[in-house]
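So this block is start.txt, compact mmCIF, N, CA and C atoms:
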```txt
# COMPACT_ATOMS: atom_id res chain seq x y z
N MET N 1 -34.77 -33.44 -20.55
CA MET N 1 -36.12 -33.95 -20.74
C MET N 1 -37.03 -32.78 -21.15
N PRO N 2 -37.74 -32.92 -22.27
CA PRO N 2 -38.62 -31.84 -22.72
C PRO N 2 -39.78 -31.59 -21.74
N THR N 3 -40.26 -30.36 -21.74
CA THR N 3 -41.43 -29.99 -20.95
C THR N 3 -42.46 -29.35 -21.87
N GLY N 4 -43.71 -29.37 -21.41
CA GLY N 4 -44.78 -28.77 -22.20
C GLY N 4 -46.07 -28.71 -21.42
N LYS N 5 -47.12 -28.28 -22.11
CA LYS N 5 -48.46 -28.21 -21.53
C LYS N 5 -49.40 -29.07 -22.36
N VAL N 6 -50.31 -29.76 -21.68
CA VAL N 6 -51.28 -30.57 -22.39
C VAL N 6 -52.25 -29.64 -23.11
N LYS N 7 -52.29 -29.75 -24.43
CA LYS N 7 -53.20 -28.93 -25.24
C LYS N 7 -54.61 -29.49 -25.09
N PHE N 8 -54.75 -30.80 -25.25
CA PHE N 8 -56.00 -31.50 -24.96
C PHE N 8 -55.69 -32.98 -24.85
N PHE N 9 -56.53 -33.68 -24.14
CA PHE N 9 -56.43 -35.14 -24.06
C PHE N 9 -57.84 -35.70 -23.99
N ASN N 10 -58.20 -36.53 -24.95
CA ASN N 10 -59.51 -37.15 -25.02
C ASN N 10 -59.41 -38.54 -24.39
N GLU N 11 -59.90 -38.68 -23.17
CA GLU N 11 -59.81 -39.97 -22.46
C GLU N 11 -60.56 -41.07 -23.19
N ARG N 12 -61.69 -40.73 -23.76
CA ARG N 12 -62.51 -41.73 -24.44
C ARG N 12 -61.79 -42.31 -25.66
N LYS N 13 -61.11 -41.45 -26.40
CA LYS N 13 -60.38 -41.90 -27.59
C LYS N 13 -58.95 -42.33 -27.26
N GLY N 14 -58.44 -41.89 -26.12
CA GLY N 14 -57.12 -42.34 -25.67
C GLY N 14 -55.93 -41.62 -26.28
N PHE N 15 -56.12 -40.38 -26.73
CA PHE N 15 -54.98 -39.64 -27.26
C PHE N 15 -55.18 -38.14 -27.09
N GLY N 16 -54.10 -37.40 -27.34
CA GLY N 16 -54.15 -35.95 -27.27
C GLY N 16 -52.86 -35.36 -27.78
N PHE N 17 -52.62 -34.10 -27.43
CA PHE N 17 -51.42 -33.40 -27.87
C PHE N 17 -50.85 -32.56 -26.74
N ILE N 18 -49.54 -32.44 -26.74
CA ILE N 18 -48.79 -31.61 -25.81
C ILE N 18 -48.15 -30.50 -26.63
N ILE N 19 -48.18 -29.26 -26.15
CA ILE N 19 -47.46 -28.17 -26.80
C ILE N 19 -46.09 -28.07 -26.13
N ASP N 20 -45.04 -28.31 -26.90
CA ASP N 20 -43.68 -28.27 -26.38
C ASP N 20 -43.32 -26.84 -25.97
N ASP N 21 -42.77 -26.66 -24.76
CA ASP N 21 -42.43 -25.33 -24.25
C ASP N 21 -41.38 -24.63 -25.10
N GLU N 22 -40.41 -25.37 -25.62
CA GLU N 22 -39.32 -24.76 -26.36
C GLU N 22 -39.68 -24.47 -27.82
N SER N 23 -40.16 -25.48 -28.54
CA SER N 23 -40.43 -25.32 -29.97
C SER N 23 -41.83 -24.79 -30.27
N LYS N 24 -42.73 -24.91 -29.32
CA LYS N 24 -44.15 -24.54 -29.49
C LYS N 24 -44.87 -25.44 -30.50
N HIS N 25 -44.27 -26.57 -30.86
CA HIS N 25 -44.90 -27.53 -31.75
C HIS N 25 -45.74 -28.52 -30.95
N ASP N 26 -46.77 -29.06 -31.61
CA ASP N 26 -47.60 -30.09 -30.99
C ASP N 26 -46.88 -31.44 -31.04
N VAL N 27 -46.99 -32.19 -29.95
CA VAL N 27 -46.44 -33.54 -29.88
C VAL N 27 -47.59 -34.48 -29.55
N PHE N 28 -47.80 -35.49 -30.37
CA PHE N 28 -48.85 -36.47 -30.16
C PHE N 28 -48.57 -37.28 -28.90
N VAL N 29 -49.60 -37.60 -28.16
CA VAL N 29 -49.46 -38.48 -27.00
C VAL N 29 -50.63 -39.47 -26.99
N HIS N 30 -50.30 -40.75 -26.83
CA HIS N 30 -51.30 -41.81 -26.72
C HIS N 30 -51.41 -42.20 -25.25
N ALA N 31 -52.55 -42.73 -24.87
CA ALA N 31 -52.78 -43.14 -23.47
C ALA N 31 -51.70 -44.08 -22.97
N THR N 32 -51.12 -44.90 -23.84
CA THR N 32 -50.08 -45.83 -23.42
C THR N 32 -48.78 -45.11 -23.04
N GLY N 33 -48.65 -43.82 -23.42
CA GLY N 33 -47.46 -43.06 -23.08
C GLY N 33 -47.56 -42.31 -21.76
N LEU N 34 -48.72 -42.40 -21.10
CA LEU N 34 -48.93 -41.68 -19.84
C LEU N 34 -48.50 -42.52 -18.64
N THR N 35 -47.93 -41.86 -17.64
CA THR N 35 -47.64 -42.54 -16.38
C THR N 35 -48.70 -42.23 -15.34
N GLU N 36 -49.52 -41.20 -15.62
CA GLU N 36 -50.63 -40.81 -14.75
C GLU N 36 -51.66 -40.05 -15.59
N LYS N 37 -52.84 -39.89 -15.05
CA LYS N 37 -53.90 -39.18 -15.75
C LYS N 37 -53.53 -37.72 -15.95
N VAL N 38 -53.78 -37.19 -17.15
CA VAL N 38 -53.51 -35.78 -17.44
C VAL N 38 -54.78 -35.09 -17.93
N SER N 39 -54.80 -33.78 -17.77
CA SER N 39 -55.93 -32.95 -18.21
C SER N 39 -55.38 -31.75 -18.97
N GLU N 40 -56.27 -31.07 -19.68
CA GLU N 40 -55.90 -29.87 -20.42
C GLU N 40 -55.20 -28.87 -19.50
N ASN N 41 -54.13 -28.26 -20.00
CA ASN N 41 -53.31 -27.25 -19.32
C ASN N 41 -52.38 -27.78 -18.24
N ASP N 42 -52.32 -29.10 -18.03
CA ASP N 42 -51.34 -29.66 -17.09
C ASP N 42 -49.94 -29.45 -17.65
N SER N 43 -48.99 -29.03 -16.80
CA SER N 43 -47.59 -28.97 -17.18
C SER N 43 -47.00 -30.36 -17.02
N VAL N 44 -46.24 -30.81 -18.03
CA VAL N 44 -45.72 -32.18 -18.03
C VAL N 44 -44.28 -32.22 -18.51
N THR N 45 -43.59 -33.30 -18.14
CA THR N 45 -42.31 -33.67 -18.73
C THR N 45 -42.57 -34.94 -19.52
N TYR N 46 -41.73 -35.19 -20.51
CA TYR N 46 -41.93 -36.38 -21.35
C TYR N 46 -40.67 -36.70 -22.13
N GLU N 47 -40.63 -37.87 -22.69
CA GLU N 47 -39.59 -38.29 -23.61
C GLU N 47 -40.22 -38.37 -24.99
N VAL N 48 -39.42 -38.27 -26.02
CA VAL N 48 -39.93 -38.35 -27.39
C VAL N 48 -39.37 -39.61 -28.04
N THR N 49 -40.27 -40.34 -28.70
CA THR N 49 -39.87 -41.50 -29.48
C THR N 49 -40.47 -41.35 -30.87
N GLU N 50 -40.02 -42.17 -31.78
CA GLU N 50 -40.53 -42.09 -33.15
C GLU N 50 -40.90 -43.49 -33.62
N ASP N 51 -42.06 -43.58 -34.25
CA ASP N 51 -42.47 -44.84 -34.87
C ASP N 51 -42.82 -44.56 -36.32
N LYS N 52 -43.45 -45.51 -37.00
CA LYS N 52 -43.73 -45.33 -38.43
C LYS N 52 -44.68 -44.17 -38.71
N ARG N 53 -45.44 -43.72 -37.71
CA ARG N 53 -46.37 -42.60 -37.88
C ARG N 53 -45.75 -41.26 -37.54
N GLY N 54 -44.58 -41.25 -36.92
CA GLY N 54 -43.92 -40.00 -36.56
C GLY N 54 -43.57 -39.94 -35.09
N LYS N 55 -43.31 -38.72 -34.61
CA LYS N 55 -42.90 -38.53 -33.21
C LYS N 55 -44.09 -38.58 -32.28
N LYS N 56 -43.82 -39.11 -31.07
CA LYS N 56 -44.86 -39.13 -30.04
C LYS N 56 -44.22 -39.06 -28.67
N ALA N 57 -44.99 -38.56 -27.72
CA ALA N 57 -44.52 -38.43 -26.33
C ALA N 57 -44.77 -39.73 -25.58
N ILE N 58 -43.78 -40.10 -24.76
CA ILE N 58 -43.90 -41.27 -23.88
C ILE N 58 -43.41 -40.86 -22.50
N ASP N 59 -43.69 -41.70 -21.52
CA ASP N 59 -43.24 -41.44 -20.14
C ASP N 59 -43.67 -40.05 -19.67
N VAL N 60 -44.93 -39.71 -19.96
CA VAL N 60 -45.47 -38.38 -19.66
C VAL N 60 -45.84 -38.30 -18.17
N LYS N 61 -45.27 -37.29 -17.49
CA LYS N 61 -45.51 -37.09 -16.05
C LYS N 61 -45.85 -35.64 -15.78
N LYS N 62 -46.78 -35.42 -14.86
CA LYS N 62 -47.09 -34.05 -14.43
C LYS N 62 -45.93 -33.48 -13.65
N ILE N 63 -45.75 -32.18 -13.80
CA ILE N 63 -44.68 -31.48 -13.04
C ILE N 63 -45.28 -31.01 -11.72
```
Have the structure of the file written as structure tokens, please.
Amino acid sequence: MPTGKVKFFNERKGFGFIIDDESKHDVFVHATGLTEKVSENDSVTYEVTEDKRGKKAIDVKKI
């Protein structure tokens, strides 16, 4: 399961990005992919899925 840090998450807009610990790439995360509330700099685990817009994080949990 990948790990990373929340780069930012805009609660009002319902999305943000996670910086993957291994690749250092940004991974999009939508509010529907969260299992709990997250904030900037939170360490998280997540799964990656792909839709027509590209890769996104789901099942996001704080470590």
- From the set N:Thr3, N:Val27, N:Gly16, N:Val38, which residue has the shortest atom-to-atom contact distance to Glu50 of chain N, counting only C-alpha atoms?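 Comparing N:Thr3, N:Val27, N:Gly16, N:Val38 against Glu50 of chain N, the winner is N:Val27.
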- Within 7 Å of Lys56 of chain N, counting only N, CA and C atoms, which residues qualify if same-chain residues fewer than 2 places away don't, as a list in words?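 My reading of the contact set: Val27, Phe28, Val29, His30, Glu47, Val48, Thr49, Glu50, Asp51, Gly54 and Ile58 of chain N.
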- What separation in Å, quoted to one decimal, exists between atom N of Ile63 of chain N and atom CA of Gly33 of chain N?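 Pair atom N of Ile63 of chain N / atom CA of Gly33 of chain N returns 14.4 Å.
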- From the list N:Gly4, N:Val60, N:Asn10, N:Lys52, the nearest residue to Thr35 of chain N using only N, CA and C atoms is N:Val60
- Message: Could you tell me how far atom CA of Phe9 of chain N sits from atom CA of Asp26 of chain N, in Å to one decimal place?
- Response: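 About the pair atom CA of Asp26 of chain N and atom CA of Phe9 of chain N: they are 12.3 Å apart.
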- Query: Between N:Glu22, N:Lys13, N:Lys62, N:Ala31, which has the minimum distance to Thr45 of chain N (counting all atoms listed in the file)?
  - Reply: N:Lys62
- Message: As an exercise, work out the distance from atom C of Pro2 of chain N to atom CA of Phe15 of chain N in Å and give it to one decimal place.
- Response: 18.1 Å
